[in-house]
Amino acid sequence: MYCGITNKVIIFNYSLKPHYWSLFFVGGVILGGFIALNFGQVASLALGQKTLSFLTNKGLLLPTGLYPLDLFNFHNTKGIVLIILGGFLIGFGTRWANGCTSGHSIFGIANLKTVSIVAIISFFCRRPFDDSFHFWLNPLIPE
Amino acid sequence: MKNIVYMIVGIVFGLTLIKSQVISWYRIQEMFLFDSFHMYGVIGIAIITASIGIIALKKHQSTSSQNIPITVPKKNWIKAQSWVAFYLGWSLIGACPGPMYALLGNGAMVYGIEILTALLGVFVFGLTIEQKSG
């Protein structure tokens with residue numbers, strides 16, 4: 001059944017073999033993250049004042065690691081809902097936009113691609129106006 | 001065997017992501033609040049490095065380890081909604097497609113869920129929008 005779907009869908013009509021390298025690359029990224037655990041000191045984050053008061057306002061603990069353990073853990077339903085929702089949006093959005101952060105902001109700008117520059121500018125211009133991040137996060141952050 | 005090259009590049013990339021803290025959820029909030037130069041500095045240097053890389057690759061007409069000439073794929077115009085979808089996801093959990101693997105390797109098992117739902121997102125994209133436009 002699964003194969004039936006993939007054959008009919010255009011996006012999945014491609015040969016995997018020339019793309020094997022990307023699987024190795026992804027495996028390398030996971031390995032790199034693992035090596036970082038035992039390589040040098042655990043980073044302490046010196047965050048800006050606005051960010052620290054933002055965290056306090058949201059009722060989150062100050063950073064002890066790279067990501068908020070009190071928000072994203074297997075026992076926090078809100079965190080899991082955020083991860084499921086956010087993950088879906090990231091996968092869907094990246095494919096739709098033909099690229100992610102590094103694809104557009106780093107490589108796209110370096111290559112002077114108008115589409116990438118517009119994409120990045122539009123994003124950072126949008127941010128202060130609609131405050132959507134706070135809007136989305138608000139109901140989901142633990143009290 | 002050539003794939004090992006890609007794996008080494010991946011390892012370096014994963015290490016860089018973790019050690020430069022750009023995969024940190026906190027750093028990403030900080031960036032969105034325009035509260036620190038950190039992320040902009042990292043991205044800025046990355047852009048300069050990429051520019052040099054692109055110029056060098058074009059000048060030497062390099063080929064990849066699979067002997068394919070390296071060309072920069074043309075990016076077509078995209079819909080604004082696609083950015084909204086990506087950035088909402090990014091700002092919600094602060095880990096885009098590269099960092100989620102690095103974080104998983106770094107012991108943040110909860111990001112495994114993100115990898116699965118991101119793959120689901122791509123799959124659903126294939127079933128819906130790509131299918132219609134293609």
# chains A, B, ... in the order shown; residues from 1 in each chain; ligands from 1
>>> residues_around(residues="range 60-65 of chain B", least_positions_apart="2", cutoff="12 Å", atoms="only C-alpha atoms", output="CSV table (one decimal) with N, CA, C and O atoms, in the first residue's frame")
chain,number,residue,atom,x,y,z
A,21,TRP,N,24.6,9.7,-0.8
A,21,TRP,CA,25.5,10.5,-0.1
A,21,TRP,C,24.9,11.3,1.0
A,21,TRP,O,25.4,11.6,2.1
B,1,MET,N,32.8,4.0,-0.7
B,1,MET,CA,34.0,4.6,0.0
B,1,MET,C,34.0,6.1,-0.1
B,1,MET,O,34.3,6.8,0.8
B,2,LYS,N,33.6,6.6,-1.3
B,2,LYS,CA,33.5,8.0,-1.5
B,2,LYS,C,32.5,8.6,-0.5
B,2,LYS,O,32.6,9.8,-0.1
B,3,ASN,N,31.5,7.8,-0.1
B,3,ASN,CA,30.5,8.3,0.8
B,3,ASN,C,31.1,8.7,2.1
B,3,ASN,O,30.5,9.5,2.9
B,4,ILE,N,32.2,8.1,2.5
B,4,ILE,CA,32.9,8.4,3.7
B,4,ILE,C,33.2,9.9,3.8
B,4,ILE,O,33.1,10.6,4.8
B,5,VAL,N,33.6,10.5,2.6
B,5,VAL,CA,33.9,11.9,2.5
B,5,VAL,C,32.7,12.7,3.0
B,5,VAL,O,32.8,13.7,3.8
B,6,TYR,N,31.5,12.3,2.5
B,6,TYR,CA,30.3,13.1,2.9
B,6,TYR,C,30.1,12.9,4.4
B,6,TYR,O,29.6,13.8,5.1
B,53,GLY,N,33.7,30.2,-1.2
B,53,GLY,CA,33.6,28.8,-1.7
B,53,GLY,C,33.0,28.7,-3.1
B,53,GLY,O,33.5,28.0,-4.0
B,54,ILE,N,31.9,29.5,-3.3
B,54,ILE,CA,31.3,29.5,-4.6
B,54,ILE,C,32.2,30.0,-5.7
B,54,ILE,O,32.3,29.4,-6.8
B,55,ILE,N,32.9,31.1,-5.4
B,55,ILE,CA,33.8,31.7,-6.3
B,55,ILE,C,34.9,30.7,-6.7
B,55,ILE,O,35.2,30.5,-7.9
B,56,ALA,N,35.5,30.1,-5.6
B,56,ALA,CA,36.6,29.2,-5.9
B,56,ALA,C,36.1,28.0,-6.7
B,56,ALA,O,36.8,27.5,-7.6
B,57,LEU,N,34.9,27.5,-6.4
B,57,LEU,CA,34.4,26.3,-7.1
B,57,LEU,C,34.2,26.6,-8.6
B,57,LEU,O,34.5,25.9,-9.5
B,58,LYS,N,33.6,27.8,-8.8
B,58,LYS,CA,33.4,28.3,-10.2
B,58,LYS,C,34.7,28.4,-11.0
B,58,LYS,O,34.8,28.0,-12.1
B,67,ASN,N,32.5,12.8,-9.4
B,67,ASN,CA,32.9,13.3,-10.7
B,67,ASN,C,31.8,14.0,-11.4
B,67,ASN,O,31.8,14.0,-12.7
B,68,ILE,N,30.9,14.6,-10.7
B,68,ILE,CA,29.9,15.4,-11.3
B,68,ILE,C,30.3,16.8,-11.1
B,68,ILE,O,30.6,17.2,-10.0
B,69,PRO,N,30.2,17.6,-12.2
B,69,PRO,CA,30.5,19.1,-12.0
B,69,PRO,C,29.6,19.7,-11.0
B,69,PRO,O,28.4,19.5,-11.0
B,70,ILE,N,30.2,20.5,-10.1
B,70,ILE,CA,29.4,21.2,-9.1
B,70,ILE,C,28.8,22.4,-9.7
B,70,ILE,O,29.4,23.4,-10.1
B,71,THR,N,27.4,22.4,-9.7
B,71,THR,CA,26.7,23.6,-10.2
B,71,THR,C,25.7,24.0,-9.1
B,71,THR,O,25.3,23.2,-8.2
B,72,VAL,N,25.4,25.3,-9.0
B,72,VAL,CA,24.5,25.7,-8.0
B,72,VAL,C,23.1,25.6,-8.7
B,72,VAL,O,22.8,26.2,-9.7
>>> interface_residues(of="chain B", to="chain A", cutoff="7 Å", atoms="only C-alpha atoms", output="PyMOL selection string")
chain B and resi 3+6-15+18+24-26+29-30+33+35-36+43+46-48+50-51+77-78+82-83+85-86+89-93+96+101-106+110+113-115+117-122+125-127+130-131+134
>>> closest_residue(among="B:Pro99, B:Gly107, B:Gly112, B:Gly44", to="Ile23 in chain B", atoms="only C-alpha atoms")
B:Pro99
>>> atom_distance(atom1="CA of Tyr40 in chain B", atom2="CA of Leu17 in chain B")
14.1 Å
>>> select_by_dssp(residues="chain B", states="helix (DSSP H, G or I)", output="ChimeraX atom specification")
/B:3-19,25-32,38-60,80-93,99-105,111-127,129-133
